[in-house]
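Visitor: Pasting a structure below so you can have a look.
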Amino acid sequence: MSTIFTQIINREIPADIVYEDEFCLAFRDINPQAPVHVLLIPKKEIVSMATAETEDQAILGHLMVKASEIASMLELSESGYRLVVNTNEDAGQSVYHLHIHILGGRKLTWPPG
Ligand code: AMP
């Protein structure tokens, strides 16, 4: 089932897009939890890490490399940043279209809540 993120990919609702290519899209989170909070999503509708399959290997690798490049573009590389993929209920996943949170611009605490 499609989510709001598919509507963002299809430009049916607006988003502050920071990166796009054939396979993925990155945009600023509407409810930022850090000074820099970007969501990176595959254009393919993968529901969550829990449903990712072997055939998703290339796109998942692509997302990780692009997350690194986007973090660098947003000047987070030196200070540091965190990549988060909330998966299903216990992790608080609220949009069931796989997404990597790119969080930075402040000291992030550990362990997460
Ligand atoms: P998660 O809770 O890990 O599923 O993350 C979903 C994220 O999507 C949350 O951080 C929301 O703030 C964010 N979000 C929901 N709707 C939008 C939207 N229309 N534009 C940008 N970010 C959104």
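Letters A, B, ... mark the chains of the structure tokens in the order given; residue numbers begin at 1 per chain; ligand numbers begin at 1, in order shown.
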Dump the neighbourhood of ligand 1 as number ranges by chain: all residues within 9 Å, distances computed on only C-alpha atoms and all ligand atoms.
Guide: A: 4-5, 7-8, 13-16, 27-33, 37-39, 84-88, 91-101
Visitor: Mind checking DSSP for chain A and telling me the strand (DSSP E) residues as a VMD selection string?
Guide: chain A and resid 17 to 20 24 to 28 36 to 42 81 to 84 100 to 104
Visitor: Give me every helix (DSSP H, G or I) residue in stretch 45-89 of chain A, going by DSSP on the backbone, as a PDB file with C-alpha atoms, in the first residue's frame.
Guide:
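Generated output (selection.pdb):
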ATOM      1  CA  MET A  49      13.716  -3.412   6.827  1.00  0.00           C
ATOM      2  CA  ALA A  50      11.562  -6.313   8.006  1.00  0.00           C
ATOM      3  CA  THR A  51      10.311  -6.902   4.458  1.00  0.00           C
ATOM      4  CA  THR A  54      17.722 -10.187  -1.423  1.00  0.00           C
ATOM      5  CA  GLU A  55      16.583  -8.411  -4.586  1.00  0.00           C
ATOM      6  CA  ASP A  56      16.741  -5.127  -2.600  1.00  0.00           C
ATOM      7  CA  GLN A  57      20.465  -5.529  -1.942  1.00  0.00           C
ATOM      8  CA  ALA A  58      21.549  -3.040  -4.611  1.00  0.00           C
ATOM      9  CA  ILE A  59      19.110  -0.307  -3.611  1.00  0.00           C
ATOM     10  CA  LEU A  60      19.925  -0.711   0.088  1.00  0.00           C
ATOM     11  CA  GLY A  61      23.619  -0.365  -0.707  1.00  0.00           C
ATOM     12  CA  HIS A  62      22.863   2.650  -2.900  1.00  0.00           C
ATOM     13  CA  LEU A  63      20.959   4.295  -0.035  1.00  0.00           C
ATOM     14  CA  MET A  64      23.860   3.862   2.371  1.00  0.00           C
ATOM     15  CA  VAL A  65      26.358   5.360  -0.056  1.00  0.00           C
ATOM     16  CA  LYS A  66      24.001   8.262  -0.818  1.00  0.00           C
ATOM     17  CA  ALA A  67      23.365   8.817   2.908  1.00  0.00           C
ATOM     18  CA  SER A  68      27.108   9.316   3.305  1.00  0.00           C
ATOM     19  CA  GLU A  69      27.245  11.730   0.340  1.00  0.00           C
ATOM     20  CA  ILE A  70      24.200  13.700   1.543  1.00  0.00           C
ATOM     21  CA  ALA A  71      25.643  13.953   5.064  1.00  0.00           C
ATOM     22  CA  SER A  72      28.830  15.289   3.527  1.00  0.00           C
ATOM     23  CA  MET A  73      26.861  17.758   1.354  1.00  0.00           C
ATOM     24  CA  ASN A  88       7.937  -1.719  12.933  1.00  0.00           C
ATOM     25  CA  GLU A  89       6.043  -0.857  16.086  1.00  0.00           C
TER      26      GLU A  89
END
Visitor: Using atom CA of A:Ile9 and atom CA of A:Lys43 as the two end points, give the distance in Å to one decimal.
Guide: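 These atoms are spaced 6.9 Å apart.
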Visitor: Do a neighbour search on A:Gly80 at 9 Å with only C-alpha atoms, toss out local chain neighbours closer than 5 positions, and write the hits as an MDAnalysis selection string.
Guide: chainID A and resid 71 103:107
Visitor: Write the residues of the selection above to a file with N, CA and C atoms, as a PDB file, in the first residue's frame.
Guide:
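Output (result.pdb):
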ATOM      1  N   ALA A  71      25.110  13.452   3.797  1.00  0.00           N
ATOM      2  CA  ALA A  71      25.643  13.953   5.064  1.00  0.00           C
ATOM      3  C   ALA A  71      26.840  14.856   4.812  1.00  0.00           C
ATOM      4  N   LEU A 103      20.510  12.274  10.815  1.00  0.00           N
ATOM      5  CA  LEU A 103      20.364  13.231  11.919  1.00  0.00           C
ATOM      6  C   LEU A 103      21.723  13.800  12.294  1.00  0.00           C
ATOM      7  N   GLY A 104      21.792  15.114  12.442  1.00  0.00           N
ATOM      8  CA  GLY A 104      23.054  15.710  12.847  1.00  0.00           C
ATOM      9  C   GLY A 104      22.897  17.170  13.195  1.00  0.00           C
ATOM     10  N   GLY A 105      24.028  17.798  13.480  1.00  0.00           N
ATOM     11  CA  GLY A 105      24.018  19.220  13.813  1.00  0.00           C
ATOM     12  C   GLY A 105      23.960  19.478  15.302  1.00  0.00           C
ATOM     13  N   ARG A 106      23.931  18.416  16.091  1.00  0.00           N
ATOM     14  CA  ARG A 106      24.022  18.541  17.561  1.00  0.00           C
ATOM     15  C   ARG A 106      24.594  17.231  18.087  1.00  0.00           C
ATOM     16  N   LYS A 107      24.987  17.258  19.350  1.00  0.00           N
ATOM     17  CA  LYS A 107      25.462  16.038  20.014  1.00  0.00           C
ATOM     18  C   LYS A 107      24.262  15.119  20.208  1.00  0.00           C
TER      19      LYS A 107
END
Visitor: Find, counting only C-alpha atoms, the residue in A:Ala34, A:Ile46, A:Leu74, A:Met1 that gets nearest to A:Tyr19.
Guide: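 Checking each of A:Ala34, A:Ile46, A:Leu74, A:Met1 against A:Tyr19, counting only C-alpha atoms, the winner is A:Leu74.
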Visitor: Quick one: pull the distance between atom CA of A:Pro111 and atom CA of A:Leu25, Å, one decimal.
Guide: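 Taking atom CA of A:Pro111 and atom CA of A:Leu25, their separation equals 28.3 Å.
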Visitor: What does the structure give for the distance between atom CA of A:Glu20 and atom CA of A:Glu45, in Å to one decimal?
Guide: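 Distance between the two atoms: 15.6 Å.
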